[in-house]
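So this one's data.cif, mmCIF, C-alpha atoms; chains and numbers go by the auth columns:
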data_work
#
loop_
_atom_site.group_PDB
_atom_site.id
_atom_site.type_symbol
_atom_site.label_atom_id
_atom_site.label_comp_id
_atom_site.label_asym_id
_atom_site.label_seq_id
_atom_site.Cartn_x
_atom_site.Cartn_y
_atom_site.Cartn_z
_atom_site.B_iso_or_equiv
_atom_site.auth_seq_id
_atom_site.auth_asym_id
ATOM 1 C CA MET A 1 0.000 0.000 0.000 0.00 16 C
ATOM 2 C CA THR A 2 1.127 3.517 -0.722 0.00 17 C
ATOM 3 C CA ALA A 3 0.767 6.534 1.565 0.00 18 C
ATOM 4 C CA HIS A 4 -2.518 7.329 -0.190 0.00 19 C
ATOM 5 C CA GLY A 5 -4.014 3.945 0.620 0.00 20 C
ATOM 6 C CA ARG A 6 -3.784 2.562 -2.961 0.00 21 C
ATOM 7 C CA SER A 7 -1.928 -0.519 -4.010 0.00 22 C
ATOM 8 C CA SER A 8 1.112 0.280 -6.151 0.00 23 C
ATOM 9 C CA THR A 9 0.450 -2.790 -8.294 0.00 24 C
ATOM 10 C CA ARG A 10 -2.586 -1.142 -9.840 0.00 25 C
ATOM 11 C CA ARG A 11 -0.382 1.299 -11.737 0.00 26 C
ATOM 12 C CA PHE A 12 1.752 -1.374 -13.381 0.00 27 C
ATOM 13 C CA PRO A 13 -0.809 -2.534 -15.963 0.00 28 C
ATOM 14 C CA THR A 14 -1.249 1.061 -17.119 0.00 29 C
ATOM 15 C CA LEU A 15 2.508 1.511 -17.396 0.00 30 C
ATOM 16 C CA ALA A 16 2.814 -1.798 -19.253 0.00 31 C
ATOM 17 C CA LEU A 17 0.136 -0.712 -21.706 0.00 32 C
ATOM 18 C CA LEU A 18 2.143 2.425 -22.453 0.00 33 C
ATOM 19 C CA VAL A 19 5.560 0.768 -22.718 0.00 34 C
ATOM 20 C CA LEU A 20 4.695 -2.358 -24.724 0.00 35 C
ATOM 21 C CA PRO A 21 3.578 -0.527 -27.900 0.00 36 C
ATOM 22 C CA ILE A 22 6.764 1.539 -27.796 0.00 37 C
ATOM 23 C CA LEU A 23 8.904 -1.595 -27.488 0.00 38 C
ATOM 24 C CA ALA A 24 6.915 -3.357 -30.184 0.00 39 C
ATOM 25 C CA GLY A 25 7.372 -0.391 -32.489 0.00 40 C
ATOM 26 C CA ALA A 26 11.104 -0.353 -31.862 0.00 41 C
ATOM 27 C CA CYS A 27 11.321 -4.068 -32.599 0.00 42 C
ATOM 28 C CA GLY A 28 9.168 -3.721 -35.684 0.00 43 C
ATOM 29 C CA ALA A 29 11.521 -1.106 -37.124 0.00 44 C
ATOM 30 C CA THR A 30 14.333 -3.640 -37.349 0.00 45 C
ATOM 31 C CA PRO A 31 14.677 -5.028 -40.870 0.00 46 C
ATOM 32 C CA SER A 32 14.168 -8.762 -41.064 0.00 47 C
ATOM 33 C CA VAL A 33 16.865 -10.964 -42.542 0.00 48 C
ATOM 34 C CA LYS A 34 15.697 -13.897 -44.593 0.00 49 C
ATOM 35 C CA ALA A 35 17.336 -17.275 -44.751 0.00 50 C
ATOM 36 C CA PRO A 36 18.997 -17.958 -48.098 0.00 51 C
ATOM 37 C CA ALA A 37 16.936 -19.597 -50.824 0.00 52 C
ATOM 38 C CA VAL A 38 17.404 -23.338 -51.193 0.00 53 C
ATOM 39 C CA GLY A 39 20.115 -23.932 -53.761 0.00 54 C
ATOM 40 C CA GLY A 40 21.559 -20.443 -53.322 0.00 55 C
ATOM 41 C CA SER A 41 24.780 -19.238 -51.794 0.00 56 C
ATOM 42 C CA MET A 42 25.732 -19.233 -48.116 0.00 57 C
ATOM 43 C CA PRO A 43 25.252 -15.673 -46.795 0.00 58 C
ATOM 44 C CA THR A 44 28.367 -13.533 -46.567 0.00 59 C
ATOM 45 C CA THR A 45 27.178 -12.411 -43.124 0.00 60 C
ATOM 46 C CA ILE A 46 28.166 -15.913 -42.003 0.00 61 C
ATOM 47 C CA VAL A 47 31.056 -16.575 -44.376 0.00 62 C
ATOM 48 C CA ASP A 48 33.043 -13.350 -43.867 0.00 63 C
ATOM 49 C CA PRO A 49 33.543 -13.649 -40.087 0.00 64 C
ATOM 50 C CA TYR A 50 34.015 -17.405 -40.513 0.00 65 C
ATOM 51 C CA LEU A 51 36.879 -16.835 -42.969 0.00 66 C
ATOM 52 C CA ARG A 52 38.531 -14.428 -40.531 0.00 67 C
ATOM 53 C CA LEU A 53 38.297 -17.165 -37.874 0.00 68 C
ATOM 54 C CA GLN A 54 39.732 -19.763 -40.225 0.00 69 C
ATOM 55 C CA GLU A 55 42.656 -17.551 -41.182 0.00 70 C
ATOM 56 C CA ALA A 56 43.458 -16.633 -37.565 0.00 71 C
ATOM 57 C CA LEU A 57 43.531 -20.289 -36.510 0.00 72 C
ATOM 58 C CA ALA A 58 45.569 -21.296 -39.571 0.00 73 C
ATOM 59 C CA SER A 59 48.041 -18.597 -38.471 0.00 74 C
ATOM 60 C CA ASP A 60 48.180 -20.068 -34.940 0.00 75 C
ATOM 61 C CA SER A 61 46.426 -17.021 -33.492 0.00 76 C
ATOM 62 C CA VAL A 62 43.325 -16.348 -31.442 0.00 77 C
ATOM 63 C CA ASP A 63 43.329 -12.636 -32.309 0.00 78 C
ATOM 64 C CA GLY A 64 39.816 -11.598 -33.200 0.00 79 C
ATOM 65 C CA VAL A 65 38.301 -15.002 -32.455 0.00 80 C
ATOM 66 C CA ARG A 66 35.918 -13.667 -29.811 0.00 81 C
ATOM 67 C CA ALA A 67 34.730 -10.728 -31.948 0.00 82 C
ATOM 68 C CA ASN A 68 34.341 -12.718 -35.167 0.00 83 C
ATOM 69 C CA ALA A 69 32.563 -15.587 -33.418 0.00 84 C
ATOM 70 C CA GLY A 70 30.190 -13.065 -31.848 0.00 85 C
ATOM 71 C CA GLU A 71 29.517 -11.448 -35.227 0.00 86 C
ATOM 72 C CA LEU A 72 28.849 -14.863 -36.736 0.00 87 C
ATOM 73 C CA ALA A 73 26.477 -15.794 -33.877 0.00 88 C
ATOM 74 C CA THR A 74 24.493 -12.614 -34.460 0.00 89 C
ATOM 75 C CA ALA A 75 24.257 -13.370 -38.186 0.00 90 C
ATOM 76 C CA ALA A 76 23.154 -16.949 -37.492 0.00 91 C
ATOM 77 C CA THR A 77 20.437 -15.763 -35.108 0.00 92 C
ATOM 78 C CA ALA A 78 18.997 -13.651 -37.918 0.00 93 C
ATOM 79 C CA LEU A 79 18.664 -16.801 -40.070 0.00 94 C
ATOM 80 C CA GLY A 80 16.224 -18.369 -37.626 0.00 95 C
ATOM 81 C CA ALA A 81 15.790 -21.829 -36.167 0.00 96 C
ATOM 82 C CA PRO A 82 17.505 -23.812 -38.962 0.00 97 C
ATOM 83 C CA ALA A 83 20.766 -22.013 -38.093 0.00 98 C
ATOM 84 C CA MET A 84 20.505 -22.595 -34.338 0.00 99 C
ATOM 85 C CA LYS A 85 23.469 -25.004 -34.253 0.00 100 C
ATOM 86 C CA ILE A 86 25.604 -22.405 -36.031 0.00 101 C
ATOM 87 C CA ASP A 87 24.568 -19.792 -33.466 0.00 102 C
ATOM 88 C CA THR A 88 25.243 -22.105 -30.510 0.00 103 C
ATOM 89 C CA SER A 89 28.627 -23.218 -31.866 0.00 104 C
ATOM 90 C CA ALA A 90 29.696 -19.633 -32.557 0.00 105 C
ATOM 91 C CA VAL A 91 28.760 -18.572 -29.016 0.00 106 C
ATOM 92 C CA GLN A 92 30.800 -21.471 -27.639 0.00 107 C
ATOM 93 C CA LEU A 93 33.754 -20.515 -29.832 0.00 108 C
ATOM 94 C CA ALA A 94 33.568 -16.950 -28.526 0.00 109 C
ATOM 95 C CA SER A 95 34.290 -18.360 -25.050 0.00 110 C
ATOM 96 C CA ALA A 96 37.379 -20.351 -26.110 0.00 111 C
ATOM 97 C CA ASP A 97 40.161 -20.236 -23.519 0.00 112 C
ATOM 98 C CA ASP A 98 43.162 -20.838 -25.762 0.00 113 C
ATOM 99 C CA LEU A 99 44.242 -21.879 -29.264 0.00 114 C
ATOM 100 C CA ALA A 100 43.610 -25.606 -28.719 0.00 115 C
ATOM 101 C CA ASP A 101 40.129 -24.939 -27.308 0.00 116 C
ATOM 102 C CA ALA A 102 39.367 -22.511 -30.139 0.00 117 C
ATOM 103 C CA ARG A 103 40.319 -25.140 -32.710 0.00 118 C
ATOM 104 C CA VAL A 104 38.045 -27.764 -31.144 0.00 119 C
ATOM 105 C CA LYS A 105 35.139 -25.298 -31.000 0.00 120 C
ATOM 106 C CA PHE A 106 35.889 -24.105 -34.548 0.00 121 C
ATOM 107 C CA GLY A 107 35.483 -27.755 -35.631 0.00 122 C
ATOM 108 C CA ALA A 108 31.994 -27.864 -34.108 0.00 123 C
ATOM 109 C CA LEU A 109 31.140 -24.568 -35.822 0.00 124 C
ATOM 110 C CA SER A 110 32.438 -25.863 -39.156 0.00 125 C
ATOM 111 C CA GLU A 111 30.335 -29.015 -38.859 0.00 126 C
ATOM 112 C CA ALA A 112 27.242 -26.935 -38.025 0.00 127 C
ATOM 113 C CA ILE A 113 27.808 -24.696 -41.053 0.00 128 C
ATOM 114 C CA ASP A 114 28.495 -27.702 -43.284 0.00 129 C
ATOM 115 C CA ALA A 115 25.255 -29.399 -42.116 0.00 130 C
ATOM 116 C CA TYR A 116 23.282 -26.180 -42.695 0.00 131 C
ATOM 117 C CA MET A 117 24.744 -25.795 -46.177 0.00 132 C
ATOM 118 C CA SER A 118 23.997 -29.433 -47.025 0.00 133 C
ATOM 119 C CA GLY A 119 20.462 -29.236 -45.681 0.00 134 C
ATOM 120 C CA MET A 120 19.709 -26.044 -47.596 0.00 135 C
ATOM 121 C CA LYS A 121 21.688 -27.200 -50.661 0.00 136 C
ATOM 122 C CA LEU A 122 23.813 -24.043 -50.439 0.00 137 C
ATOM 123 C CA SER A 123 27.175 -23.421 -51.993 0.00 138 C
ATOM 124 C CA PRO A 124 29.956 -21.213 -50.692 0.00 139 C
ATOM 125 C CA PRO A 125 30.212 -17.723 -52.208 0.00 140 C
ATOM 126 C CA GLU A 126 32.407 -17.157 -55.273 0.00 141 C
ATOM 127 C CA GLY A 127 36.093 -17.695 -54.446 0.00 142 C
ATOM 128 C CA VAL A 128 35.427 -19.790 -51.330 0.00 143 C
ATOM 129 C CA ARG A 129 35.772 -23.549 -51.163 0.00 144 C
ATOM 130 C CA VAL A 130 35.125 -26.311 -48.649 0.00 145 C
ATOM 131 C CA ALA A 131 38.131 -28.352 -47.552 0.00 146 C
ATOM 132 C CA PHE A 132 38.401 -31.408 -45.329 0.00 147 C
ATOM 133 C CA CYS A 133 41.011 -32.365 -42.725 0.00 148 C
ATOM 134 C CA PRO A 134 41.622 -36.140 -42.623 0.00 149 C
ATOM 135 C CA MET A 135 43.307 -35.879 -39.214 0.00 150 C
ATOM 136 C CA VAL A 136 40.335 -34.411 -37.289 0.00 151 C
ATOM 137 C CA LEU A 137 37.729 -35.568 -39.822 0.00 152 C
ATOM 138 C CA LYS A 138 36.188 -32.120 -40.071 0.00 153 C
ATOM 139 C CA PRO A 139 35.453 -29.677 -42.881 0.00 154 C
ATOM 140 C CA TRP A 140 36.295 -26.006 -43.138 0.00 155 C
ATOM 141 C CA MET A 141 35.765 -23.203 -45.624 0.00 156 C
ATOM 142 C CA GLN A 142 38.534 -21.006 -46.917 0.00 157 C
ATOM 143 C CA ARG A 143 39.332 -18.749 -49.825 0.00 158 C
ATOM 144 C CA ASP A 144 40.431 -20.602 -52.953 0.00 159 C
ATOM 145 C CA GLY A 145 44.184 -21.169 -53.132 0.00 160 C
ATOM 146 C CA THR A 146 46.755 -23.100 -51.138 0.00 161 C
ATOM 147 C CA LEU A 147 45.243 -25.017 -48.242 0.00 162 C
ATOM 148 C CA ARG A 148 45.562 -23.342 -44.835 0.00 163 C
ATOM 149 C CA ASN A 149 44.455 -25.906 -42.261 0.00 164 C
ATOM 150 C CA PRO A 150 42.911 -24.163 -39.227 0.00 165 C
ATOM 151 C CA TYR A 151 43.011 -27.302 -37.092 0.00 166 C
ATOM 152 C CA TYR A 152 46.791 -27.687 -37.123 0.00 167 C
ATOM 153 C CA GLY A 153 48.079 -24.331 -38.337 0.00 168 C
ATOM 154 C CA SER A 154 51.820 -24.175 -38.916 0.00 169 C
ATOM 155 C CA GLN A 155 52.286 -27.797 -37.784 0.00 170 C
ATOM 156 C CA MET A 156 50.472 -29.129 -40.882 0.00 171 C
ATOM 157 C CA ILE A 157 49.289 -26.079 -42.770 0.00 172 C
ATOM 158 C CA THR A 158 48.594 -27.822 -46.100 0.00 173 C
ATOM 159 C CA CYS A 159 47.079 -31.014 -44.630 0.00 174 C
ATOM 160 C CA GLY A 160 43.730 -31.784 -46.184 0.00 175 C
ATOM 161 C CA SER A 161 42.044 -31.549 -49.537 0.00 176 C
ATOM 162 C CA TYR A 162 39.322 -29.578 -51.251 0.00 177 C
ATOM 163 C CA ARG A 163 35.953 -31.166 -51.812 0.00 178 C
ATOM 164 C CA ASN A 164 34.713 -31.294 -55.376 0.00 179 C
#
Give the structure from the file, written as structure tokens.
Amino acid sequence: MTAHGRSSTRRFPTLALLVLPILAGACGATPSVKAPAVGGSMPTTIVDPYLRLQEALASDSVDGVRANAGELATAATALGAPAMKIDTSAVQLASADDLADARVKFGALSEAIDAYMSGMKLSPPEGVRVAFCPMVLKPWMQRDGTLRNPYYGSQMITCGSYRN
């Protein structure tokens, strides 16, 4: 009860009725991002930060891993439920403790992206190819050219092969 003898909970519904339309309007102003069309190309909003992750790990570095994994998670969220595993894997990668942990979590992210691409029958964007590491039995995407294995970096930089 307030000093005036009224319950303070009576005001909340009125306040909620004023605030909810404002919040709904703010949310409605955000442009929606559509999932790619079946048979199309994997969105660059996913591929670009992924390639920065791949290159960092191939260079034996964790520089930018947290930021790029976060950017990728945000992009995956915008794609909706079918990309949930990508989102989850990217969030986990963003919490990697060291290079070895980042590489393991990058493998899970790569598998999630590969499964999404297979399920949607998507191809990588122009100039990007899918490679496969026979040592960890995991795929990865990278720019066309000499292989740069993110799972082993300088230890076995060219280990793997491109998929056809």
If the PyMOL selection byres ((chain C and resi 176) around 8) were run on this exact file, what residues would it hold? Put them as a PDB file with C-alpha atoms, in the frame of the given file.
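Full text of out.pdb as output:
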ATOM      1  CA  ALA C 146      38.131 -28.352 -47.552  1.00  0.00           C
ATOM      2  CA  PHE C 147      38.401 -31.408 -45.329  1.00  0.00           C
ATOM      3  CA  CYS C 148      41.011 -32.365 -42.725  1.00  0.00           C
ATOM      4  CA  LEU C 162      45.243 -25.017 -48.242  1.00  0.00           C
ATOM      5  CA  CYS C 174      47.079 -31.014 -44.630  1.00  0.00           C
ATOM      6  CA  GLY C 175      43.730 -31.784 -46.184  1.00  0.00           C
ATOM      7  CA  TYR C 177      39.322 -29.578 -51.251  1.00  0.00           C
ATOM      8  CA  ARG C 178      35.953 -31.166 -51.812  1.00  0.00           C
TER       9      ARG C 178
END
- Query: Do you have the atom CA of C:Pro154-atom CA of C:Ala105 distance handy?
  - Reply: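 Computing it gives 15.5 Å between the two atoms.
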- Run through the PyMOL selection byres ((chain C and resi 50) around 10) on the given coordinates and return the selected residues as number ranges by chain. C: 47-49, 51-53, 57-58, 91, 93-98, 135
- Query: Could you state the separation of atom CA of C:Gln170 and atom CA of C:Ile61 in Å, given to one decimal place?
  - Reply: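 A separation of 27.2 Å between them.
Restricting the calculation to all atoms listed in the file, the smallest distance between C:Ala117 and any of C:Asp63, C:Ala84, C:Thr161, C:Met156 is found for C:Ala84.
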- Within 10 Å of C:Met132, counting all atoms listed in the file, which residues qualify if same-chain residues fewer than 4 places away don't, as a ChimeraX atom specification? /C:51,53-57,98,126-128,136-139
- Which residue of C:Ala88, C:Leu108, C:Ala123, C:Ala115 approaches C:Asp75 most closely, using only C-alpha atoms: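 For C:Asp75, the nearest of the given residues is C:Ala115.
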- Task: Within 9 Å of C:Asp159, counting all atoms listed in the file, which residues show up once you throw out same-chain ones fewer than 4 positions away? Write them as a ChimeraX atom specification, please.
- Result: /C:142-145
Give me the stretch 140-161 of chain C side of the contact with stretch 68-71 of chain C, cut-off 10 Å, one line per residue showing its nearest atom pair and distance in Å at one decimal, counting only C-alpha atoms, sorted by chain and residue number, as JSON lines.
{"residue": "C:Trp155", "atom": "CA", "partner": "C:Gln69", "partner_atom": "CA", "distance": 7.7}
{"residue": "C:Met156", "atom": "CA", "partner": "C:Gln69", "partner_atom": "CA", "distance": 7.5}
{"residue": "C:Gln157", "atom": "CA", "partner": "C:Gln69", "partner_atom": "CA", "distance": 6.9}
{"residue": "C:Arg158", "atom": "CA", "partner": "C:Glu70", "partner_atom": "CA", "distance": 9.3}
- Item | Top pick for closest residue to C:Tyr65, considering C:Gly134, C:Gly160, C:Pro149, C:Pro165 and counting all atoms listed in the file | C:Pro165
- Query: Smallest atom-to-atom distance to C:Ala82: which of C:Asn179, C:Ser110, C:Asn164, C:Thr103, using only C-alpha atoms?
  - Reply: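 That would be C:Ser110, the residue with the smallest distance to C:Ala82.
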Supply stretch 57-83 of chain C as a short mmCIF file (atom, residue, chain, number, x, y, z; two decimals), in the coordinates of the input, with N, CA and C atoms built in where the input has gaps.
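Output (selection.cif):
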data_model
loop_
_atom_site.label_atom_id
_atom_site.label_comp_id
_atom_site.auth_asym_id
_atom_site.auth_seq_id
_atom_site.Cartn_x
_atom_site.Cartn_y
_atom_site.Cartn_z
N MET C 57 25.66 -19.49 -49.56
CA MET C 57 25.73 -19.23 -48.12
C MET C 57 25.91 -17.73 -47.91
N PRO C 58 25.17 -17.12 -46.99
CA PRO C 58 25.25 -15.67 -46.80
C PRO C 58 26.65 -15.20 -46.37
N THR C 59 27.06 -14.09 -46.92
CA THR C 59 28.37 -13.53 -46.57
C THR C 59 28.39 -13.05 -45.12
N THR C 60 27.22 -12.80 -44.54
CA THR C 60 27.18 -12.41 -43.12
C THR C 60 27.69 -13.53 -42.22
N ILE C 61 27.61 -14.75 -42.71
CA ILE C 61 28.17 -15.91 -42.00
C ILE C 61 29.59 -16.18 -42.49
N VAL C 62 29.78 -16.17 -43.79
CA VAL C 62 31.06 -16.58 -44.38
C VAL C 62 32.19 -15.61 -44.04
N ASP C 63 31.95 -14.31 -44.09
CA ASP C 63 33.04 -13.35 -43.87
C ASP C 63 33.68 -13.47 -42.48
N PRO C 64 32.89 -13.46 -41.39
CA PRO C 64 33.54 -13.65 -40.09
C PRO C 64 34.13 -15.05 -39.93
N TYR C 65 33.49 -16.04 -40.56
CA TYR C 65 34.02 -17.40 -40.51
C TYR C 65 35.41 -17.46 -41.15
N LEU C 66 35.58 -16.82 -42.29
CA LEU C 66 36.88 -16.84 -42.97
C LEU C 66 37.95 -16.13 -42.14
N ARG C 67 37.56 -15.10 -41.42
CA ARG C 67 38.53 -14.43 -40.53
C ARG C 67 38.93 -15.36 -39.39
N LEU C 68 37.99 -16.16 -38.89
CA LEU C 68 38.30 -17.16 -37.87
C LEU C 68 39.24 -18.22 -38.43
N GLN C 69 38.91 -18.72 -39.60
CA GLN C 69 39.73 -19.76 -40.22
C GLN C 69 41.16 -19.28 -40.43
N GLU C 70 41.32 -18.09 -40.91
CA GLU C 70 42.66 -17.55 -41.18
C GLU C 70 43.44 -17.33 -39.89
N ALA C 71 42.77 -16.84 -38.85
CA ALA C 71 43.46 -16.63 -37.56
C ALA C 71 43.97 -17.97 -37.02
N LEU C 72 43.12 -18.99 -37.03
CA LEU C 72 43.53 -20.29 -36.51
C LEU C 72 44.61 -20.94 -37.37
N ALA C 73 44.52 -20.77 -38.68
CA ALA C 73 45.57 -21.30 -39.57
C ALA C 73 46.91 -20.60 -39.30
N SER C 74 46.84 -19.37 -38.80
CA SER C 74 48.04 -18.60 -38.47
C SER C 74 48.44 -18.77 -37.01
N ASP C 75 47.88 -19.77 -36.34
CA ASP C 75 48.18 -20.07 -34.94
C ASP C 75 47.88 -18.90 -34.01
N SER C 76 46.78 -18.20 -34.27
CA SER C 76 46.43 -17.02 -33.49
C SER C 76 44.97 -17.10 -33.03
N VAL C 77 44.70 -16.49 -31.90
CA VAL C 77 43.32 -16.35 -31.44
C VAL C 77 42.88 -14.88 -31.52
N ASP C 78 43.69 -14.04 -32.15
CA ASP C 78 43.33 -12.64 -32.31
C ASP C 78 42.03 -12.51 -33.09
N GLY C 79 41.08 -11.83 -32.53
CA GLY C 79 39.82 -11.60 -33.20
C GLY C 79 38.83 -12.75 -33.13
N VAL C 80 39.21 -13.85 -32.50
CA VAL C 80 38.30 -15.00 -32.46
C VAL C 80 37.01 -14.64 -31.73
N ARG C 81 37.12 -14.01 -30.59
CA ARG C 81 35.92 -13.67 -29.81
C ARG C 81 34.99 -12.74 -30.61
N ALA C 82 35.55 -11.70 -31.20
CA ALA C 82 34.73 -10.73 -31.95
C ALA C 82 34.10 -11.35 -33.19
N ASN C 83 34.88 -12.11 -33.95
CA ASN C 83 34.34 -12.72 -35.17
C ASN C 83 33.32 -13.81 -34.86
#
